[in-house]
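Participant: Handing you this structure, nothing more for now.
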Amino acid sequence: MPTFAFDSPAAAIAASKAALATAGMEDVPLSDAVGRVLAVAPALDRDSPACDLSAMDGYAVQTAELPAGGEGIAVIGEAAAGFPPPPHVAGTAVRIFTGAPLSGGCDRVIRQEDVRFEEGPGGVDRITPLAGWDAAKEAGANVRRRGENGRADDPLAEPGVVVTAALVAAVAACGIDRLTVRRRVRVAILVTGSEVREPGGDPAIPRLPPWQIRDANGPAVAALLGRRPYLDVSEPIYVGDDPAALGRAFAGLLDCHDAVMTTGGVSVGDHDAVPDAVRALGGTTLFHGLPIRPGKPVFAAAFGTSDRGGRLALGLPGNPVAALCVARRIGVELLRHVAGCAGEEPTLLVDMTPTDGRPLPLWRFWPVLLRTEGGTTTAEALAGRGASDTVALARSDGFVEVPLHEPMAGRYPFRAW
Ligand SMILES: Nc1nc2c(c(=O)[nH]1)N[C@H]1C(S)=C(S)[C@@H](COP(=O)(O)OP(=O)(O)OC[C@H]3O[C@@H](n4cnc5c(N)ncnc54)[C@H](O)[C@@H]3O)O[C@H]1N2
Ligand code: MOO
C-alpha cells in the first residue's frame, strides 16, 4: 500500500495553496469585468434608493390623513419618474407612477386598480378606495423606502468573488464604470510524450502510424481552463520525451507564466521525466502521488514562496481522463487561489446511478452524464474502459467525486468540465 503525502484531494489543495502567490490587480472597464475576480469591493455611491419611490402606478397619500369612512380623496398634482415630486397638500392624493418620487409627507401608494376614479367637478379629480382595499395596511405599502436596499458606502460585494452580470447591474446602478480585479493568471500547457502528435498534424506524415496518437490533453485542458475568464491560457507546447528539451521548454514557460501544467511523464516509467526536470529547475515538491483514481501519479511543485512570487507546476498524468479530472479538481482550485478567488468553485450534490466500481482506499472521479426528468436531476455513471477512454469521456458533463471506501452509488459532489 503506497503512502501519500495527503489523504484526500481537498487536503492536497489546501496545503498547496499556502505556497502560491496571488496575482496583482488591474482596473478594467465593466464590459470586460464579468468572470474576473474582484480585488477591491465597490460601494454604494448613495442610499439605494436615494429617496422614497413608488413601486406601483397609483396614488400617493399620507396614511394618517386617509378619510375613515371610504369617502373620496381629491387628486392634486402628479409625480413622474425622473422629475422632482409636487408638494403634498394635506388630505389629498398625488397621481404617481412606478419609479416616481413620493412627495414629502406621503407614505403609501394606493394602486390604481384599487380605487374608483372620477373626473371631478371643477377640474379636481377624486379617487375612492374600492371595498376590499385594505385601509389598515401599514404605512409604506407600495413604496420603496430611501436606503431600504443599502446605505451610501455599503459594499456591494466582497473581494474574491467572481464578477457576474448580477454584480454588473448593481455597480452600473452606482455609476461605476471600472472595477479593480485580479490580473488574469497566465497558464502554460506543456505536453510531453514522443508518441503524441500535435493537432493539425504534420504534413510530412500523411497518415498517423498506429503507434502514434494525436494530442487529447493539450486541447482538453486548454478548453477546460479557457472558459474561465480569470485565466489567460497559452497555446500548448510540445516537447516529446527528451528530458533536456523538457527542461528548456519548462524554464522558458516559467519565465512568463504564473503556472505551468504539464501532461504525461509523471509516473515511474523510464521516460517519465517531469518531476526530475521541475526539481532540477528549483521547484519544491508539494506532492507526488495522491490516493485518487484516475490521476494517482499527479505531481505538484512550487517555485518561490507565497510572498515571493510563488508559481505552480502541476504535472497532470498522461491518460486523458486522468488529465482532465485532475486539471478540473486540483488545477482549477489552485489557479482560483492564484487568481484571488475566495473559495472553491461551487459544486452540486447529485445522485449517481450504481457503477460496477468497487469501494477502494482511493478517492474516485467518475465521469457522469446529467439527466433531468420530472424536475429531478440524476448523474448517470458512464461505463468506460478507464483513464484512457476518451470515447466514454466524450459523453460526460463532468464527474462526481466519491470519497475513499464509499459505495460507488449515492449522493456525491458533481463538478462540470
Ligand atoms: N508501473 C506503473 N506504471 C504506471 C503507473 C504506476 O503506478 N506504475 N501509473 C499508471 C497511471 S495511473 C497513469 S495515469 C499513467 C500516467 O503516466 P504518465 O503521466 O507518466 O503518462 P504517460 O506514461 O506519459 O502516458 C500515459 C498514457 O497516456 C497517453 N497520453 C500521454 N499524453 C497524451 C496526450 N497528450 N493525449 C492523449 N494521450 C496521451 C500515453 O500515450 C499513455 O498511453 O501511468 C500508468 N503507468
Ligand atoms: O490513475 Mo491513472 O490516472 O489513470 O490510470
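Residues in the C-alpha cells are named by chain (A, B, ... in the order shown) and by number from 1 within that chain; ligands are numbered from 1 in the order shown.
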As a list in words, please: every protein or nucleic acid residue near ligand 2 (cut-off 10 Å, counting only C-alpha atoms and all ligand atoms).
Facilitator: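 Sorted by chain and then by number, the residues are Ser267, Gly289, Leu290, Pro291, Ile292, Arg293, Pro294, Gly295, Lys296, Pro297, Val298, Leu316, Pro317, Gly318, Asn319, Pro320, Val321, Ala322, Ala323, Leu324, Cys325, Val326, Leu362, Arg364, Phe365, Gly386, Ala387, Ser388 and Asp389 of chain A.
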Participant: How would the residues just picked look written out with C-alpha atoms as a CSV table (one decimal), in the first residue's frame?
Facilitator:
chain,number,residue,atom,x,y,z
A,267,SER,CA,4.6,8.1,-13.3
A,289,GLY,CA,1.1,10.8,-5.9
A,290,LEU,CA,-2.4,11.1,-4.3
A,291,PRO,CA,-4.9,8.5,-3.3
A,292,ILE,CA,-7.2,9.2,-6.3
A,293,ARG,CA,-8.3,7.3,-9.4
A,294,PRO,CA,-7.8,8.3,-12.1
A,295,GLY,CA,-4.8,10.5,-11.6
A,296,LYS,CA,-2.8,8.7,-8.9
A,297,PRO,CA,0.7,9.8,-10.3
A,298,VAL,CA,-0.1,13.5,-10.2
A,316,LEU,CA,-1.1,16.0,-14.9
A,317,PRO,CA,-1.0,12.3,-15.7
A,318,GLY,CA,-0.9,11.4,-19.4
A,319,ASN,CA,-4.1,9.4,-19.6
A,320,PRO,CA,-6.7,11.8,-20.9
A,321,VAL,CA,-9.4,11.0,-18.4
A,322,ALA,CA,-6.9,11.4,-15.5
A,323,ALA,CA,-5.5,14.6,-17.0
A,324,LEU,CA,-8.9,16.3,-17.3
A,325,CYS,CA,-10.2,15.1,-13.9
A,326,VAL,CA,-7.0,16.3,-12.1
A,362,LEU,CA,-8.9,5.8,-3.2
A,364,ARG,CA,-12.8,8.2,-7.3
A,365,PHE,CA,-13.5,10.7,-10.0
A,386,GLY,CA,-10.7,3.5,-17.7
A,387,ALA,CA,-8.4,6.5,-17.7
A,388,SER,CA,-7.5,6.4,-21.4
A,389,ASP,CA,-11.1,6.0,-22.7
Participant: From a DSSP calculation on the backbone, collect every residue of stretch 352-414 of chain A in helix (DSSP H, G or I) and output the set as a short mmCIF file (atom, residue, chain, number, x, y, z; two decimals) with all heavy atoms, in the first residue's frame.
Facilitator:
data_model
loop_
_atom_site.label_atom_id
_atom_site.label_comp_id
_atom_site.auth_asym_id
_atom_site.auth_seq_id
_atom_site.Cartn_x
_atom_site.Cartn_y
_atom_site.Cartn_z
N THR A 390 -11.24 8.04 -24.08
CA THR A 390 -11.80 9.35 -24.46
C THR A 390 -13.18 9.19 -25.10
O THR A 390 -13.94 10.16 -25.18
CB THR A 390 -10.88 10.08 -25.45
OG1 THR A 390 -10.41 9.15 -26.40
CG2 THR A 390 -9.71 10.72 -24.75
N VAL A 391 -13.50 7.97 -25.57
CA VAL A 391 -14.80 7.76 -26.22
C VAL A 391 -15.91 7.87 -25.18
O VAL A 391 -16.92 8.56 -25.38
CB VAL A 391 -14.83 6.40 -26.96
CG1 VAL A 391 -16.19 6.16 -27.59
CG2 VAL A 391 -13.73 6.36 -28.01
N ALA A 392 -15.74 7.22 -24.02
CA ALA A 392 -16.73 7.34 -22.94
C ALA A 392 -16.71 8.76 -22.37
O ALA A 392 -17.75 9.34 -22.07
CB ALA A 392 -16.45 6.32 -21.84
N LEU A 393 -15.51 9.31 -22.24
CA LEU A 393 -15.36 10.66 -21.68
C LEU A 393 -16.18 11.68 -22.47
O LEU A 393 -16.76 12.61 -21.91
CB LEU A 393 -13.88 11.06 -21.69
CG LEU A 393 -13.51 12.41 -21.09
CD1 LEU A 393 -13.72 12.42 -19.58
CD2 LEU A 393 -12.05 12.77 -21.43
#
Participant: Please determine, counting only C-alpha atoms and all ligand atoms, which residue among A:Leu382, A:Val196, A:Ala302, A:Leu334 has the shortest atom-to-atom distance to ligand 1.
Facilitator: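 Selected residue with least distance to ligand 1: A:Val196.
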Participant: In terms of the shortest atom-to-atom distance over only C-alpha atoms, which of A:Ala273, A:Ala300, A:Val115, A:Ala280 is closest to A:Val260?
Facilitator: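 Counting only C-alpha atoms, the residue closest to A:Val260 is A:Ala300.
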Participant: Excluding same-chain residues fewer than 5 positions from A:Cys256, what lies within 10 Å of it counting only C-alpha atoms, as a list in words?
Facilitator: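 Here the qualifying residues turn out to be Arg186, Val187, Ala188 and Ala251 of chain A.
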Participant: Which residues are close to A:Asp276, i.e. within 12 Å by only C-alpha atoms, leaving aside same-chain residues fewer than 4 positions away? Reply as a PyMOL selection string.
Facilitator: chain A and resi 243-244+246-247+250+265-268+270-272+280-285+288+299-301+315
Participant: Keeping only N, CA, C and O atoms, write the selected residues as a PDB file, in the first residue's frame.
Facilitator:
ATOM      1  N   PRO A 243      14.415  14.702 -21.926  1.00  0.00           N
ATOM      2  CA  PRO A 243      14.468  15.479 -20.686  1.00  0.00           C
ATOM      3  C   PRO A 243      15.097  16.862 -20.874  1.00  0.00           C
ATOM      4  O   PRO A 243      14.652  17.830 -20.243  1.00  0.00           O
ATOM      5  N   ALA A 244      16.107  16.969 -21.738  1.00  0.00           N
ATOM      6  CA  ALA A 244      16.764  18.278 -21.916  1.00  0.00           C
ATOM      7  C   ALA A 244      15.800  19.263 -22.575  1.00  0.00           C
ATOM      8  O   ALA A 244      15.685  20.428 -22.148  1.00  0.00           O
ATOM      9  N   LEU A 246      12.597  19.086 -22.484  1.00  0.00           N
ATOM     10  CA  LEU A 246      11.550  19.350 -21.490  1.00  0.00           C
ATOM     11  C   LEU A 246      12.002  20.446 -20.517  1.00  0.00           C
ATOM     12  O   LEU A 246      11.263  21.409 -20.262  1.00  0.00           O
ATOM     13  N   GLY A 247      13.227  20.320 -20.015  1.00  0.00           N
ATOM     14  CA  GLY A 247      13.749  21.302 -19.057  1.00  0.00           C
ATOM     15  C   GLY A 247      13.826  22.682 -19.679  1.00  0.00           C
ATOM     16  O   GLY A 247      13.420  23.677 -19.056  1.00  0.00           O
ATOM     17  N   PHE A 250      10.314  24.070 -20.247  1.00  0.00           N
ATOM     18  CA  PHE A 250       9.666  24.401 -18.975  1.00  0.00           C
ATOM     19  C   PHE A 250      10.223  25.720 -18.429  1.00  0.00           C
ATOM     20  O   PHE A 250       9.474  26.601 -18.004  1.00  0.00           O
ATOM     21  N   GLY A 265       4.276  11.850 -18.360  1.00  0.00           N
ATOM     22  CA  GLY A 265       5.637  11.843 -17.812  1.00  0.00           C
ATOM     23  C   GLY A 265       5.742  12.021 -16.317  1.00  0.00           C
ATOM     24  O   GLY A 265       6.762  12.523 -15.823  1.00  0.00           O
ATOM     25  N   VAL A 266       4.708  11.625 -15.557  1.00  0.00           N
ATOM     26  CA  VAL A 266       4.820  11.802 -14.102  1.00  0.00           C
ATOM     27  C   VAL A 266       4.821  10.481 -13.335  1.00  0.00           C
ATOM     28  O   VAL A 266       4.999  10.473 -12.122  1.00  0.00           O
ATOM     29  N   SER A 267       4.615   9.325 -14.030  1.00  0.00           N
ATOM     30  CA  SER A 267       4.612   8.064 -13.267  1.00  0.00           C
ATOM     31  C   SER A 267       6.034   7.527 -13.188  1.00  0.00           C
ATOM     32  O   SER A 267       6.997   8.295 -13.206  1.00  0.00           O
ATOM     33  N   VAL A 268       6.197   6.203 -13.134  1.00  0.00           N
ATOM     34  CA  VAL A 268       7.506   5.652 -12.768  1.00  0.00           C
ATOM     35  C   VAL A 268       8.306   5.102 -13.947  1.00  0.00           C
ATOM     36  O   VAL A 268       9.354   4.515 -13.767  1.00  0.00           O
ATOM     37  N   ASP A 270      10.657   4.792 -17.427  1.00  0.00           N
ATOM     38  CA  ASP A 270      11.993   5.335 -17.707  1.00  0.00           C
ATOM     39  C   ASP A 270      11.925   6.692 -18.399  1.00  0.00           C
ATOM     40  O   ASP A 270      12.874   7.478 -18.342  1.00  0.00           O
ATOM     41  N   HIS A 271      10.806   6.958 -19.113  1.00  0.00           N
ATOM     42  CA  HIS A 271      10.710   8.227 -19.847  1.00  0.00           C
ATOM     43  C   HIS A 271       9.881   9.266 -19.107  1.00  0.00           C
ATOM     44  O   HIS A 271       9.513  10.292 -19.678  1.00  0.00           O
ATOM     45  N   ASP A 272       9.549   8.988 -17.845  1.00  0.00           N
ATOM     46  CA  ASP A 272       8.688   9.914 -17.092  1.00  0.00           C
ATOM     47  C   ASP A 272       9.558  10.935 -16.366  1.00  0.00           C
ATOM     48  O   ASP A 272       9.957  10.757 -15.216  1.00  0.00           O
ATOM     49  N   ALA A 280      14.969  19.961 -10.892  1.00  0.00           N
ATOM     50  CA  ALA A 280      16.280  20.459 -11.331  1.00  0.00           C
ATOM     51  C   ALA A 280      16.248  21.962 -11.572  1.00  0.00           C
ATOM     52  O   ALA A 280      17.270  22.646 -11.455  1.00  0.00           O
ATOM     53  N   LEU A 281      15.080  22.486 -11.897  1.00  0.00           N
ATOM     54  CA  LEU A 281      14.954  23.938 -12.133  1.00  0.00           C
ATOM     55  C   LEU A 281      14.697  24.708 -10.845  1.00  0.00           C
ATOM     56  O   LEU A 281      14.498  25.922 -10.874  1.00  0.00           O
ATOM     57  N   GLY A 282      14.625  24.000  -9.721  1.00  0.00           N
ATOM     58  CA  GLY A 282      14.453  24.692  -8.441  1.00  0.00           C
ATOM     59  C   GLY A 282      13.068  24.562  -7.840  1.00  0.00           C
ATOM     60  O   GLY A 282      12.772  25.198  -6.820  1.00  0.00           O
ATOM     61  N   GLY A 283      12.198  23.754  -8.449  1.00  0.00           N
ATOM     62  CA  GLY A 283      10.846  23.568  -7.908  1.00  0.00           C
ATOM     63  C   GLY A 283      10.877  22.729  -6.637  1.00  0.00           C
ATOM     64  O   GLY A 283      11.666  21.783  -6.522  1.00  0.00           O
ATOM     65  N   THR A 284      10.036  23.079  -5.669  1.00  0.00           N
ATOM     66  CA  THR A 284       9.916  22.324  -4.423  1.00  0.00           C
ATOM     67  C   THR A 284       8.671  21.457  -4.514  1.00  0.00           C
ATOM     68  O   THR A 284       7.572  21.984  -4.748  1.00  0.00           O
ATOM     69  N   THR A 285       8.844  20.148  -4.320  1.00  0.00           N
ATOM     70  CA  THR A 285       7.706  19.233  -4.455  1.00  0.00           C
ATOM     71  C   THR A 285       6.648  19.536  -3.395  1.00  0.00           C
ATOM     72  O   THR A 285       6.960  19.670  -2.206  1.00  0.00           O
ATOM     73  N   HIS A 288       3.700  14.217  -4.768  1.00  0.00           N
ATOM     74  CA  HIS A 288       3.876  13.370  -5.947  1.00  0.00           C
ATOM     75  C   HIS A 288       3.132  12.078  -5.653  1.00  0.00           C
ATOM     76  O   HIS A 288       3.606  11.247  -4.895  1.00  0.00           O
ATOM     77  N   PHE A 299       1.642  15.132  -9.972  1.00  0.00           N
ATOM     78  CA  PHE A 299       2.816  15.756  -9.348  1.00  0.00           C
ATOM     79  C   PHE A 299       2.575  17.268  -9.253  1.00  0.00           C
ATOM     80  O   PHE A 299       2.059  17.872 -10.187  1.00  0.00           O
ATOM     81  N   ALA A 300       2.934  17.863  -8.116  1.00  0.00           N
ATOM     82  CA  ALA A 300       2.817  19.326  -7.996  1.00  0.00           C
ATOM     83  C   ALA A 300       4.041  19.874  -7.296  1.00  0.00           C
ATOM     84  O   ALA A 300       4.589  19.252  -6.378  1.00  0.00           O
ATOM     85  N   ALA A 301       4.475  21.055  -7.749  1.00  0.00           N
ATOM     86  CA  ALA A 301       5.635  21.714  -7.138  1.00  0.00           C
ATOM     87  C   ALA A 301       5.408  23.218  -7.178  1.00  0.00           C
ATOM     88  O   ALA A 301       4.575  23.717  -7.940  1.00  0.00           O
ATOM     89  N   GLY A 315       1.895  18.639 -12.634  1.00  0.00           N
ATOM     90  CA  GLY A 315       2.140  17.554 -13.581  1.00  0.00           C
ATOM     91  C   GLY A 315       0.911  16.659 -13.662  1.00  0.00           C
ATOM     92  O   GLY A 315       0.666  15.844 -12.775  1.00  0.00           O
TER      93      GLY A 315
END
Participant: So that I can see what lies close to stretch 33-46 of chain A, please list as a list of chain:residue names the residues with an atom at most 7 Å from it, counting only C-alpha atoms and leaving out residues fewer than 5 positions away in the same chain.
Facilitator: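 Answer for this query is A:Met25, A:Val28, A:Arg151, A:Ala152, A:Asp153, A:Asp154, A:Pro155, A:Leu156, A:Ala157, A:Glu158, A:Pro159, A:Gly160, A:Val161, A:Val162, A:Val163, A:Thr164, A:Ala165, A:Cys174, A:Leu179, A:Thr180, A:Val181, A:Arg182, A:Arg228, A:Pro229, A:Tyr230, A:Ala339, A:Gly340, A:Cys341.
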Participant: Find the spatial neighbours of A:Ala10, counting only C-alpha atoms, within a cut-off of 9 Å - ignore same-chain residues fewer than 4 positions away - and output them as a list in words.
Facilitator: Phe6, Ala14, Ala15, Arg329 and Ile330 of chain A
Participant: Could you take the residues named above and write them with all heavy atoms, as a PDB file, in the first residue's frame?
Facilitator:
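Everything below was put into part37.pdb:
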ATOM      1  N   PHE A   6      -0.744  13.344   1.213  1.00  0.00           N
ATOM      2  CA  PHE A   6      -2.064  13.840   1.654  1.00  0.00           C
ATOM      3  C   PHE A   6      -3.081  12.730   1.464  1.00  0.00           C
ATOM      4  O   PHE A   6      -2.964  11.928   0.536  1.00  0.00           O
ATOM      5  CB  PHE A   6      -2.460  15.078   0.842  1.00  0.00           C
ATOM      6  CG  PHE A   6      -1.505  16.221   1.025  1.00  0.00           C
ATOM      7  CD1 PHE A   6      -0.548  16.500   0.041  1.00  0.00           C
ATOM      8  CD2 PHE A   6      -1.532  16.990   2.187  1.00  0.00           C
ATOM      9  CE1 PHE A   6       0.355  17.536   0.220  1.00  0.00           C
ATOM     10  CE2 PHE A   6      -0.632  18.029   2.364  1.00  0.00           C
ATOM     11  CZ  PHE A   6       0.315  18.303   1.389  1.00  0.00           C
ATOM     12  N   ALA A  14      -5.538  22.300  -0.175  1.00  0.00           N
ATOM     13  CA  ALA A  14      -5.429  23.277   0.921  1.00  0.00           C
ATOM     14  C   ALA A  14      -3.962  23.546   1.259  1.00  0.00           C
ATOM     15  O   ALA A  14      -3.557  24.709   1.416  1.00  0.00           O
ATOM     16  CB  ALA A  14      -6.185  22.769   2.147  1.00  0.00           C
ATOM     17  N   ALA A  15      -3.161  22.498   1.347  1.00  0.00           N
ATOM     18  CA  ALA A  15      -1.757  22.688   1.725  1.00  0.00           C
ATOM     19  C   ALA A  15      -0.987  23.392   0.603  1.00  0.00           C
ATOM     20  O   ALA A  15      -0.113  24.228   0.871  1.00  0.00           O
ATOM     21  CB  ALA A  15      -1.130  21.338   2.043  1.00  0.00           C
ATOM     22  N   ARG A 329     -10.225  19.116 -10.888  1.00  0.00           N
ATOM     23  CA  ARG A 329     -10.363  19.037  -9.425  1.00  0.00           C
ATOM     24  C   ARG A 329      -9.254  19.796  -8.706  1.00  0.00           C
ATOM     25  O   ARG A 329      -9.512  20.521  -7.750  1.00  0.00           O
ATOM     26  CB  ARG A 329     -10.360  17.558  -8.980  1.00  0.00           C
ATOM     27  CG  ARG A 329     -10.473  17.376  -7.462  1.00  0.00           C
ATOM     28  CD  ARG A 329     -11.821  17.845  -6.976  1.00  0.00           C
ATOM     29  NE  ARG A 329     -11.974  17.775  -5.533  1.00  0.00           N
ATOM     30  CZ  ARG A 329     -11.823  18.813  -4.703  1.00  0.00           C
ATOM     31  NH1 ARG A 329     -11.467  19.995  -5.193  1.00  0.00           N
ATOM     32  NH2 ARG A 329     -12.015  18.685  -3.410  1.00  0.00           N
ATOM     33  N   ILE A 330      -8.020  19.611  -9.164  1.00  0.00           N
ATOM     34  CA  ILE A 330      -6.884  20.200  -8.439  1.00  0.00           C
ATOM     35  C   ILE A 330      -6.399  21.474  -9.139  1.00  0.00           C
ATOM     36  O   ILE A 330      -6.191  22.501  -8.501  1.00  0.00           O
ATOM     37  CB  ILE A 330      -5.754  19.161  -8.296  1.00  0.00           C
ATOM     38  CG1 ILE A 330      -6.282  18.001  -7.438  1.00  0.00           C
ATOM     39  CG2 ILE A 330      -4.494  19.791  -7.683  1.00  0.00           C
ATOM     40  CD1 ILE A 330      -5.361  16.821  -7.322  1.00  0.00           C
TER      41      ILE A 330
END
Participant: Calculated over only C-alpha atoms, which of the candidates A:Gly132, A:Pro413, A:Gly104, A:Gly122 has the smallest distance to A:Gln62?
Facilitator: A:Gly104
Participant: Could you list, with a cut-off of 9 Å and counting only C-alpha atoms, the residues of stretch 365-394 of chain A near stretch 350-356 of chain A, each shown with its nearest atom pair and the distance in Å rounded to one decimal, rows sorted by chain and ascending number, as JSON lines?
Facilitator:
{"residue": "A:Val368", "atom": "CA", "partner": "A:Met352", "partner_atom": "CA", "distance": 7.8}
{"residue": "A:Leu370", "atom": "CA", "partner": "A:Val350", "partner_atom": "CA", "distance": 8.8}
{"residue": "A:Thr377", "atom": "CA", "partner": "A:Val350", "partner_atom": "CA", "distance": 7.1}
{"residue": "A:Thr378", "atom": "CA", "partner": "A:Asp351", "partner_atom": "CA", "distance": 5.3}
{"residue": "A:Ala379", "atom": "CA", "partner": "A:Met352", "partner_atom": "CA", "distance": 4.5}
{"residue": "A:Glu380", "atom": "CA", "partner": "A:Thr353", "partner_atom": "CA", "distance": 5.3}
{"residue": "A:Ala381", "atom": "CA", "partner": "A:Thr353", "partner_atom": "CA", "distance": 5.7}
{"residue": "A:Leu382", "atom": "CA", "partner": "A:Thr355", "partner_atom": "CA", "distance": 8.0}
{"residue": "A:Ala383", "atom": "CA", "partner": "A:Thr355", "partner_atom": "CA", "distance": 7.5}
